[in-house]
Amino acid sequence: MAKILSGKELAEKMRQEMKSEIDELKTHHNLVPGLAVVLIGDNPASLSYVKGKEKACARVGILSREYKFDADYKEEQLLKLIRELNNDPLIHGILVQLPLPDHINEEEILYAIDPTKDVDGFHPVNIGKMMIGAPSFLPCTPHGIQQLLLRNNIEISGKHVVIVGRSNIVGKPLAMILVQKNPGANATVTMCHTRTKNMAEITKLADILVVAAGRPHTVNAGMVKQGAVVIDVGVNRIEDKSKKRGYRLIGDVEFDEVSEKASAISPVPGGVGPMTITMLLHNTIQSAKNHAGIK
Ligand code: GUN
């Protein structure tokens, strides 16, 4: 039976460390890290993510300001808000929850965020810096996956990492982060996607298999090498009438059968999700320190 890589437990530990750091910043520098969270529309998953982010901020002592608007909120209004937040000295991080409604140009919005406040790491300036290995805000989910591996003493250097999924939020940036020439990376990376042929042959080569396809049942035991480490990034809502809320969450991986074969596996929920939020807190603290000139 595989070791369970609990992002929930690790996130709790890291957030305790962050809370102490924030207490210090308040006491010695009169600095309170501030995060603006912008949500347009009423996508249930987005609402739930945003709620989780705000709760986490409150618990570690980050000031979070919420901006919620109806789905018909205009692009110009959103651009104006972003310009105001770019100039607001109390706000160090700006997060616009994705996806945005169809009438709003996502690229235009992400480009408008001041790269020094882009705690999601989605601005092309930060993506470019990440690619060349310069200091930048790393996107939270891939950074959280790297931390989940390293802090569980799973060697990444020299390992073959296979990533299923090529999104701008997870797959592509994770490949960039893990291929870097630095001690927490140095992986050999292969990416698979919807047009990949013979995917099982490739996933079976993975020492570390990361599944971020956004589709349940994407990976079963037959696609996994004995002893591999499996990271499940999927968050899929499945109807479940036995639950009060009417659904439960499952990942992209067939957990029961794959956990018989893997040496370690991250669960859903309680795996990558809490790590994503933790790295957002990390980036917000870093941004506050950068803006205040604190090393
Ligand atoms: N939608 C899904 N994941 C994310 C994320 O990490 N950041 C933002 N802003 N939107 C998301």
# chains A, B, ... in the order shown; residues from 1 in each chain; ligands from 1

call {"tool": "residues_near_ligand", "arguments": {"ligand": "ligand 1", "cutoff": "9 Å", "atoms": "only C-alpha atoms and all ligand atoms", "output": "number ranges by chain"}}
result
A: 37-39, 45-46, 49-50, 94-100, 119-122, 139-141, 169-170, 276-277, 280

call {"tool": "write_last_selection", "arguments": {"atoms": "N, CA and C atoms", "output": "mmCIF file, in the first residue's frame"}}
result
data_model
loop_
_atom_site.group_PDB
_atom_site.id
_atom_site.type_symbol
_atom_site.label_atom_id
_atom_site.label_comp_id
_atom_site.auth_asym_id
_atom_site.auth_seq_id
_atom_site.Cartn_x
_atom_site.Cartn_y
_atom_site.Cartn_z
ATOM 1 N N VAL A 37 -8.835 39.465 -3.882
ATOM 2 C CA VAL A 37 -9.357 38.308 -4.601
ATOM 3 C C VAL A 37 -10.576 38.764 -5.401
ATOM 4 N N VAL A 38 -10.497 38.587 -6.730
ATOM 5 C CA VAL A 38 -11.562 39.066 -7.605
ATOM 6 C C VAL A 38 -12.283 37.864 -8.214
ATOM 7 N N LEU A 39 -13.598 37.860 -8.054
ATOM 8 C CA LEU A 39 -14.399 36.755 -8.601
ATOM 9 C C LEU A 39 -15.562 37.329 -9.407
ATOM 10 N N ALA A 45 -17.454 25.941 -8.411
ATOM 11 C CA ALA A 45 -16.091 25.532 -8.035
ATOM 12 C C ALA A 45 -15.264 26.771 -7.689
ATOM 13 N N SER A 46 -15.400 27.843 -8.503
ATOM 14 C CA SER A 46 -14.649 29.073 -8.241
ATOM 15 C C SER A 46 -15.044 29.676 -6.899
ATOM 16 N N TYR A 49 -13.327 27.679 -4.235
ATOM 17 C CA TYR A 49 -11.886 27.946 -4.174
ATOM 18 C C TYR A 49 -11.626 29.292 -3.498
ATOM 19 N N VAL A 50 -12.409 30.302 -3.904
ATOM 20 C CA VAL A 50 -12.199 31.655 -3.377
ATOM 21 C C VAL A 50 -12.457 31.683 -1.869
ATOM 22 N N ILE A 94 -2.658 40.363 -6.236
ATOM 23 C CA ILE A 94 -3.946 40.481 -6.936
ATOM 24 C C ILE A 94 -4.236 39.140 -7.602
ATOM 25 N N LEU A 95 -5.377 38.557 -7.246
ATOM 26 C CA LEU A 95 -5.757 37.266 -7.819
ATOM 27 C C LEU A 95 -7.118 37.408 -8.495
ATOM 28 N N VAL A 96 -7.145 37.186 -9.788
ATOM 29 C CA VAL A 96 -8.421 37.165 -10.523
ATOM 30 C C VAL A 96 -8.749 35.697 -10.775
ATOM 31 N N GLN A 97 -9.806 35.229 -10.143
ATOM 32 C CA GLN A 97 -10.139 33.803 -10.256
ATOM 33 C C GLN A 97 -10.534 33.444 -11.689
ATOM 34 N N LEU A 98 -9.945 32.375 -12.211
ATOM 35 C CA LEU A 98 -10.257 31.877 -13.540
ATOM 36 C C LEU A 98 -11.148 30.636 -13.427
ATOM 37 N N PRO A 99 -11.964 30.328 -14.381
ATOM 38 C CA PRO A 99 -12.134 31.009 -15.663
ATOM 39 C C PRO A 99 -12.990 32.269 -15.529
ATOM 40 N N LEU A 100 -12.790 33.213 -16.470
ATOM 41 C CA LEU A 100 -13.613 34.424 -16.525
ATOM 42 C C LEU A 100 -14.766 34.184 -17.505
ATOM 43 N N VAL A 119 0.575 37.316 -7.798
ATOM 44 C CA VAL A 119 0.875 36.178 -6.915
ATOM 45 C C VAL A 119 0.409 34.834 -7.479
ATOM 46 N N ASP A 120 -0.362 34.853 -8.559
ATOM 47 C CA ASP A 120 -0.706 33.615 -9.262
ATOM 48 C C ASP A 120 0.431 33.159 -10.175
ATOM 49 N N GLY A 121 1.318 34.098 -10.527
ATOM 50 C CA GLY A 121 2.402 33.776 -11.468
ATOM 51 C C GLY A 121 1.919 33.543 -12.886
ATOM 52 N N PHE A 122 0.841 34.236 -13.284
ATOM 53 C CA PHE A 122 0.264 34.031 -14.623
ATOM 54 C C PHE A 122 0.667 35.104 -15.625
ATOM 55 N N PRO A 139 3.706 29.806 -10.354
ATOM 56 C CA PRO A 139 2.293 29.426 -10.269
ATOM 57 C C PRO A 139 2.077 28.442 -9.104
ATOM 58 N N CYS A 140 0.974 28.641 -8.391
ATOM 59 C CA CYS A 140 0.810 28.004 -7.069
ATOM 60 C C CYS A 140 0.648 26.486 -7.122
ATOM 61 N N THR A 141 -0.090 25.964 -8.092
ATOM 62 C CA THR A 141 -0.299 24.505 -8.093
ATOM 63 C C THR A 141 0.996 23.757 -8.415
ATOM 64 N N ILE A 169 -1.968 26.541 -16.361
ATOM 65 C CA ILE A 169 -1.986 26.684 -14.895
ATOM 66 C C ILE A 169 -1.191 25.581 -14.216
ATOM 67 N N VAL A 170 -1.188 24.362 -14.786
ATOM 68 C CA VAL A 170 -0.513 23.240 -14.121
ATOM 69 C C VAL A 170 0.556 22.580 -15.017
ATOM 70 N N THR A 276 -1.808 24.224 -3.078
ATOM 71 C CA THR A 276 -1.996 25.366 -3.981
ATOM 72 C C THR A 276 -2.249 26.634 -3.160
ATOM 73 N N ILE A 277 -3.171 26.533 -2.229
ATOM 74 C CA ILE A 277 -3.507 27.710 -1.411
ATOM 75 C C ILE A 277 -2.296 28.140 -0.581
ATOM 76 N N LEU A 280 0.034 30.184 -2.558
ATOM 77 C CA LEU A 280 -0.527 31.525 -2.759
ATOM 78 C C LEU A 280 -0.208 32.410 -1.541
#

call {"tool": "closest_atom_pairs", "arguments": {"of": "region 197-258 of chain A", "to": "region 7-16 of chain A", "cutoff": "12 Å", "atoms": "only C-alpha atoms", "output": "tab-separated table"}}
result
residue	atom	partner	partner_atom	distance
A:Ile231	CA	A:Gly7	CA	10.6
A:Asp232	CA	A:Gly7	CA	11.2
A:Val233	CA	A:Gly7	CA	11.3

call {"tool": "select_by_dssp", "arguments": {"residues": "region 166-226 of chain A", "states": "helix (DSSP H, G or I)", "output": "ChimeraX atom specification"}}
result
/A:171-179,199-203,221-223

call {"tool": "write_last_selection", "arguments": {"atoms": "N, CA and C atoms", "output": "PDB file, in the first residue's frame"}}
result
ATOM      1  N   GLY A 171       0.140  21.920 -16.081  1.00  0.00           N
ATOM      2  CA  GLY A 171       1.060  21.066 -16.835  1.00  0.00           C
ATOM      3  C   GLY A 171       2.289  21.785 -17.355  1.00  0.00           C
ATOM      4  N   LYS A 172       2.058  22.853 -18.143  1.00  0.00           N
ATOM      5  CA  LYS A 172       3.207  23.536 -18.753  1.00  0.00           C
ATOM      6  C   LYS A 172       4.147  24.156 -17.714  1.00  0.00           C
ATOM      7  N   PRO A 173       3.614  24.927 -16.722  1.00  0.00           N
ATOM      8  CA  PRO A 173       4.565  25.495 -15.746  1.00  0.00           C
ATOM      9  C   PRO A 173       5.264  24.422 -14.897  1.00  0.00           C
ATOM     10  N   LEU A 174       4.581  23.312 -14.603  1.00  0.00           N
ATOM     11  CA  LEU A 174       5.240  22.260 -13.805  1.00  0.00           C
ATOM     12  C   LEU A 174       6.444  21.704 -14.564  1.00  0.00           C
ATOM     13  N   ALA A 175       6.280  21.501 -15.871  1.00  0.00           N
ATOM     14  CA  ALA A 175       7.398  21.003 -16.680  1.00  0.00           C
ATOM     15  C   ALA A 175       8.572  21.984 -16.590  1.00  0.00           C
ATOM     16  N   MET A 176       8.273  23.274 -16.694  1.00  0.00           N
ATOM     17  CA  MET A 176       9.317  24.312 -16.634  1.00  0.00           C
ATOM     18  C   MET A 176      10.050  24.304 -15.297  1.00  0.00           C
ATOM     19  N   ILE A 177       9.269  24.166 -14.216  1.00  0.00           N
ATOM     20  CA  ILE A 177       9.863  24.214 -12.869  1.00  0.00           C
ATOM     21  C   ILE A 177      10.747  22.984 -12.631  1.00  0.00           C
ATOM     22  N   LEU A 178      10.268  21.812 -13.019  1.00  0.00           N
ATOM     23  CA  LEU A 178      10.987  20.576 -12.660  1.00  0.00           C
ATOM     24  C   LEU A 178      12.184  20.290 -13.552  1.00  0.00           C
ATOM     25  N   VAL A 179      12.244  20.961 -14.714  1.00  0.00           N
ATOM     26  CA  VAL A 179      13.371  20.715 -15.614  1.00  0.00           C
ATOM     27  C   VAL A 179      14.543  21.663 -15.309  1.00  0.00           C
ATOM     28  N   MET A 199      -0.492   6.499 -24.797  1.00  0.00           N
ATOM     29  CA  MET A 199      -0.172   7.194 -23.547  1.00  0.00           C
ATOM     30  C   MET A 199       0.281   6.251 -22.435  1.00  0.00           C
ATOM     31  N   ALA A 200      -0.364   5.078 -22.331  1.00  0.00           N
ATOM     32  CA  ALA A 200      -0.016   4.157 -21.244  1.00  0.00           C
ATOM     33  C   ALA A 200       1.450   3.736 -21.314  1.00  0.00           C
ATOM     34  N   GLU A 201       1.974   3.595 -22.537  1.00  0.00           N
ATOM     35  CA  GLU A 201       3.385   3.205 -22.685  1.00  0.00           C
ATOM     36  C   GLU A 201       4.300   4.275 -22.099  1.00  0.00           C
ATOM     37  N   ILE A 202       3.877   5.515 -22.216  1.00  0.00           N
ATOM     38  CA  ILE A 202       4.700   6.618 -21.710  1.00  0.00           C
ATOM     39  C   ILE A 202       4.525   6.781 -20.197  1.00  0.00           C
ATOM     40  N   THR A 203       3.265   6.726 -19.737  1.00  0.00           N
ATOM     41  CA  THR A 203       3.051   6.912 -18.285  1.00  0.00           C
ATOM     42  C   THR A 203       3.732   5.790 -17.493  1.00  0.00           C
ATOM     43  N   ALA A 221      -4.404   1.516 -12.865  1.00  0.00           N
ATOM     44  CA  ALA A 221      -3.201   0.806 -12.403  1.00  0.00           C
ATOM     45  C   ALA A 221      -2.350   0.291 -13.565  1.00  0.00           C
ATOM     46  N   GLY A 222      -2.990  -0.071 -14.662  1.00  0.00           N
ATOM     47  CA  GLY A 222      -2.253  -0.581 -15.821  1.00  0.00           C
ATOM     48  C   GLY A 222      -1.350   0.457 -16.474  1.00  0.00           C
ATOM     49  N   MET A 223      -1.520   1.701 -16.110  1.00  0.00           N
ATOM     50  CA  MET A 223      -0.731   2.778 -16.724  1.00  0.00           C
ATOM     51  C   MET A 223       0.413   3.244 -15.817  1.00  0.00           C
TER      52      MET A 223
END

call {"tool": "atom_distance", "arguments": {"atom1": "CA of Thr284 (chain A)", "atom2": "CA of Lys181 (chain A)"}}
result
25.4 Å

call {"tool": "atom_distance", "arguments": {"atom1": "CA of Met275 (chain A)", "atom2": "CA of Ile238 (chain A)"}}
result
22.2 Å

call {"tool": "closest_atom_pairs", "arguments": {"of": "region 92-152 of chain A", "to": "region 83-86 of chain A", "cutoff": "10 Å", "atoms": "only C-alpha atoms", "output": "JSON lines"}}
result
{"residue": "A:His92", "atom": "CA", "partner": "A:Asn86", "partner_atom": "CA", "distance": 8.4}
{"residue": "A:Gly93", "atom": "CA", "partner": "A:Leu85", "partner_atom": "CA", "distance": 8.8}
{"residue": "A:Ile94", "atom": "CA", "partner": "A:Leu85", "partner_atom": "CA", "distance": 7.3}
{"residue": "A:Ala112", "atom": "CA", "partner": "A:Arg83", "partner_atom": "CA", "distance": 7.4}
{"residue": "A:Ile113", "atom": "CA", "partner": "A:Asn86", "partner_atom": "CA", "distance": 6.8}
{"residue": "A:Asp114", "atom": "CA", "partner": "A:Asn86", "partner_atom": "CA", "distance": 5.8}
{"residue": "A:Pro115", "atom": "CA", "partner": "A:Asn86", "partner_atom": "CA", "distance": 9.3}
{"residue": "A:Thr116", "atom": "CA", "partner": "A:Asn86", "partner_atom": "CA", "distance": 9.0}
{"residue": "A:Lys117", "atom": "CA", "partner": "A:Asn86", "partner_atom": "CA", "distance": 7.3}
{"residue": "A:Asp118", "atom": "CA", "partner": "A:Asn86", "partner_atom": "CA", "distance": 9.7}

call {"tool": "write_last_selection", "arguments": {"atoms": "N, CA and C atoms", "output": "PDB file, in the first residue's frame"}}
result
ATOM      1  N   HIS A  92      -0.736  43.684  -1.831  1.00  0.00           N
ATOM      2  CA  HIS A  92       0.525  43.166  -2.380  1.00  0.00           C
ATOM      3  C   HIS A  92       0.307  42.046  -3.389  1.00  0.00           C
ATOM      4  N   GLY A  93      -0.895  41.473  -3.369  1.00  0.00           N
ATOM      5  CA  GLY A  93      -1.204  40.388  -4.304  1.00  0.00           C
ATOM      6  C   GLY A  93      -2.576  40.595  -4.932  1.00  0.00           C
ATOM      7  N   ILE A  94      -2.658  40.363  -6.236  1.00  0.00           N
ATOM      8  CA  ILE A  94      -3.946  40.481  -6.936  1.00  0.00           C
ATOM      9  C   ILE A  94      -4.236  39.140  -7.602  1.00  0.00           C
ATOM     10  N   ALA A 112      -2.844  42.982 -17.453  1.00  0.00           N
ATOM     11  CA  ALA A 112      -3.031  44.282 -16.786  1.00  0.00           C
ATOM     12  C   ALA A 112      -2.539  44.269 -15.338  1.00  0.00           C
ATOM     13  N   ILE A 113      -2.407  43.069 -14.766  1.00  0.00           N
ATOM     14  CA  ILE A 113      -1.965  42.979 -13.366  1.00  0.00           C
ATOM     15  C   ILE A 113      -0.484  43.328 -13.277  1.00  0.00           C
ATOM     16  N   ASP A 114      -0.135  44.203 -12.326  1.00  0.00           N
ATOM     17  CA  ASP A 114       1.271  44.548 -12.088  1.00  0.00           C
ATOM     18  C   ASP A 114       2.047  43.247 -11.800  1.00  0.00           C
ATOM     19  N   PRO A 115       3.064  42.919 -12.617  1.00  0.00           N
ATOM     20  CA  PRO A 115       3.791  41.657 -12.395  1.00  0.00           C
ATOM     21  C   PRO A 115       4.353  41.526 -10.973  1.00  0.00           C
ATOM     22  N   THR A 116       4.620  42.656 -10.311  1.00  0.00           N
ATOM     23  CA  THR A 116       5.150  42.561  -8.939  1.00  0.00           C
ATOM     24  C   THR A 116       4.046  42.224  -7.933  1.00  0.00           C
ATOM     25  N   LYS A 117       2.784  42.214  -8.380  1.00  0.00           N
ATOM     26  CA  LYS A 117       1.667  41.816  -7.503  1.00  0.00           C
ATOM     27  C   LYS A 117       0.971  40.558  -8.018  1.00  0.00           C
ATOM     28  N   ASP A 118       1.575  39.927  -9.018  1.00  0.00           N
ATOM     29  CA  ASP A 118       0.957  38.783  -9.695  1.00  0.00           C
ATOM     30  C   ASP A 118       1.258  37.494  -8.921  1.00  0.00           C
TER      31      ASP A 118
END

call {"tool": "residues_around", "arguments": {"residues": "Asn153 (chain A)", "least_positions_apart": "5", "cutoff": "12 Å", "atoms": "only C-alpha atoms", "output": "VMD selection string"}}
result
chain A and resid 3 5 146 to 148 184 229 264

call {"tool": "residues_around", "arguments": {"residues": "Leu205 (chain A)", "least_positions_apart": "4", "cutoff": "9 Å", "atoms": "only C-alpha atoms", "output": "list in words"}}
result
His160, Val161, Val162, Ala200, Glu201, Leu209, Val224 and Lys225 of chain A

call {"tool": "write_last_selection", "arguments": {"atoms": "N, CA and C atoms", "output": "PDB file, in the first residue's frame"}}
result
ATOM      1  N   HIS A 160      12.509  10.529 -13.920  1.00  0.00           N
ATOM      2  CA  HIS A 160      11.665  10.763 -15.096  1.00  0.00           C
ATOM      3  C   HIS A 160      10.270  11.156 -14.606  1.00  0.00           C
ATOM      4  N   VAL A 161       9.919  12.412 -14.830  1.00  0.00           N
ATOM      5  CA  VAL A 161       8.588  12.906 -14.462  1.00  0.00           C
ATOM      6  C   VAL A 161       7.725  12.920 -15.722  1.00  0.00           C
ATOM      7  N   VAL A 162       6.604  12.246 -15.681  1.00  0.00           N
ATOM      8  CA  VAL A 162       5.646  12.306 -16.803  1.00  0.00           C
ATOM      9  C   VAL A 162       4.433  13.103 -16.330  1.00  0.00           C
ATOM     10  N   ALA A 200      -0.364   5.078 -22.331  1.00  0.00           N
ATOM     11  CA  ALA A 200      -0.016   4.157 -21.244  1.00  0.00           C
ATOM     12  C   ALA A 200       1.450   3.736 -21.314  1.00  0.00           C
ATOM     13  N   GLU A 201       1.974   3.595 -22.537  1.00  0.00           N
ATOM     14  CA  GLU A 201       3.385   3.205 -22.685  1.00  0.00           C
ATOM     15  C   GLU A 201       4.300   4.275 -22.099  1.00  0.00           C
ATOM     16  N   LEU A 209       4.619  10.365 -11.649  1.00  0.00           N
ATOM     17  CA  LEU A 209       3.546  10.593 -12.631  1.00  0.00           C
ATOM     18  C   LEU A 209       2.592  11.649 -12.068  1.00  0.00           C
ATOM     19  N   VAL A 224       0.588   2.545 -14.686  1.00  0.00           N
ATOM     20  CA  VAL A 224       1.538   3.006 -13.671  1.00  0.00           C
ATOM     21  C   VAL A 224       2.604   1.947 -13.435  1.00  0.00           C
ATOM     22  N   LYS A 225       3.869   2.388 -13.333  1.00  0.00           N
ATOM     23  CA  LYS A 225       4.972   1.461 -13.025  1.00  0.00           C
ATOM     24  C   LYS A 225       4.927   1.092 -11.540  1.00  0.00           C
TER      25      LYS A 225
END

call {"tool": "closest_residue", "arguments": {"among": "A:Ser287, A:Gln226, A:Asn126, A:Ser266", "to": "Asp207 (chain A)", "atoms": "only C-alpha atoms"}}
result
A:Gln226

call {"tool": "decode", "arguments": {"residues": "region 139-161 of chain A", "atoms": "N, CA and C atoms", "output": "compact mmCIF listing (two decimals), in the first residue's frame"}}
result
# COMPACT_ATOMS: atom_id res chain seq x y z
N PRO A 139 3.71 29.81 -10.35
CA PRO A 139 2.29 29.43 -10.27
C PRO A 139 2.08 28.44 -9.10
N CYS A 140 0.97 28.64 -8.39
CA CYS A 140 0.81 28.00 -7.07
C CYS A 140 0.65 26.49 -7.12
N THR A 141 -0.09 25.96 -8.09
CA THR A 141 -0.30 24.50 -8.09
C THR A 141 1.00 23.76 -8.41
N PRO A 142 1.71 24.11 -9.50
CA PRO A 142 2.96 23.39 -9.74
C PRO A 142 3.99 23.59 -8.62
N HIS A 143 4.06 24.79 -8.07
CA HIS A 143 5.00 25.02 -6.97
C HIS A 143 4.61 24.16 -5.76
N GLY A 144 3.30 24.05 -5.52
CA GLY A 144 2.82 23.22 -4.41
C GLY A 144 3.15 21.75 -4.62
N ILE A 145 3.08 21.29 -5.87
CA ILE A 145 3.42 19.88 -6.18
C ILE A 145 4.90 19.65 -5.90
N GLN A 146 5.75 20.59 -6.32
CA GLN A 146 7.19 20.45 -6.08
C GLN A 146 7.45 20.38 -4.56
N GLN A 147 6.80 21.24 -3.80
CA GLN A 147 7.00 21.24 -2.35
C GLN A 147 6.49 19.94 -1.71
N LEU A 148 5.35 19.45 -2.20
CA LEU A 148 4.79 18.19 -1.66
C LEU A 148 5.77 17.04 -1.86
N LEU A 149 6.44 17.01 -3.00
CA LEU A 149 7.44 15.96 -3.27
C LEU A 149 8.66 16.16 -2.38
N LEU A 150 9.23 17.36 -2.41
CA LEU A 150 10.50 17.60 -1.71
C LEU A 150 10.35 17.42 -0.20
N ARG A 151 9.25 17.92 0.35
CA ARG A 151 9.09 17.85 1.81
C ARG A 151 8.68 16.46 2.28
N ASN A 152 8.38 15.58 1.34
CA ASN A 152 8.19 14.17 1.68
C ASN A 152 9.44 13.36 1.32
N ASN A 153 10.56 14.09 1.14
CA ASN A 153 11.86 13.46 0.83
C ASN A 153 11.82 12.60 -0.43
N ILE A 154 11.04 13.02 -1.41
CA ILE A 154 11.03 12.31 -2.69
C ILE A 154 11.99 13.04 -3.63
N GLU A 155 13.02 12.31 -4.03
CA GLU A 155 14.04 12.88 -4.92
C GLU A 155 13.43 13.19 -6.28
N ILE A 156 13.68 14.39 -6.79
CA ILE A 156 13.20 14.75 -8.13
C ILE A 156 14.36 14.69 -9.13
N SER A 157 15.56 15.07 -8.65
CA SER A 157 16.73 15.16 -9.53
C SER A 157 17.01 13.82 -10.22
N GLY A 158 17.13 13.87 -11.54
CA GLY A 158 17.47 12.67 -12.31
C GLY A 158 16.29 11.75 -12.57
N LYS A 159 15.14 12.05 -11.96
CA LYS A 159 13.97 11.17 -12.13
C LYS A 159 13.21 11.51 -13.42
N HIS A 160 12.51 10.53 -13.92
CA HIS A 160 11.67 10.76 -15.10
C HIS A 160 10.27 11.16 -14.61
N VAL A 161 9.92 12.41 -14.83
CA VAL A 161 8.59 12.91 -14.46
C VAL A 161 7.73 12.92 -15.72
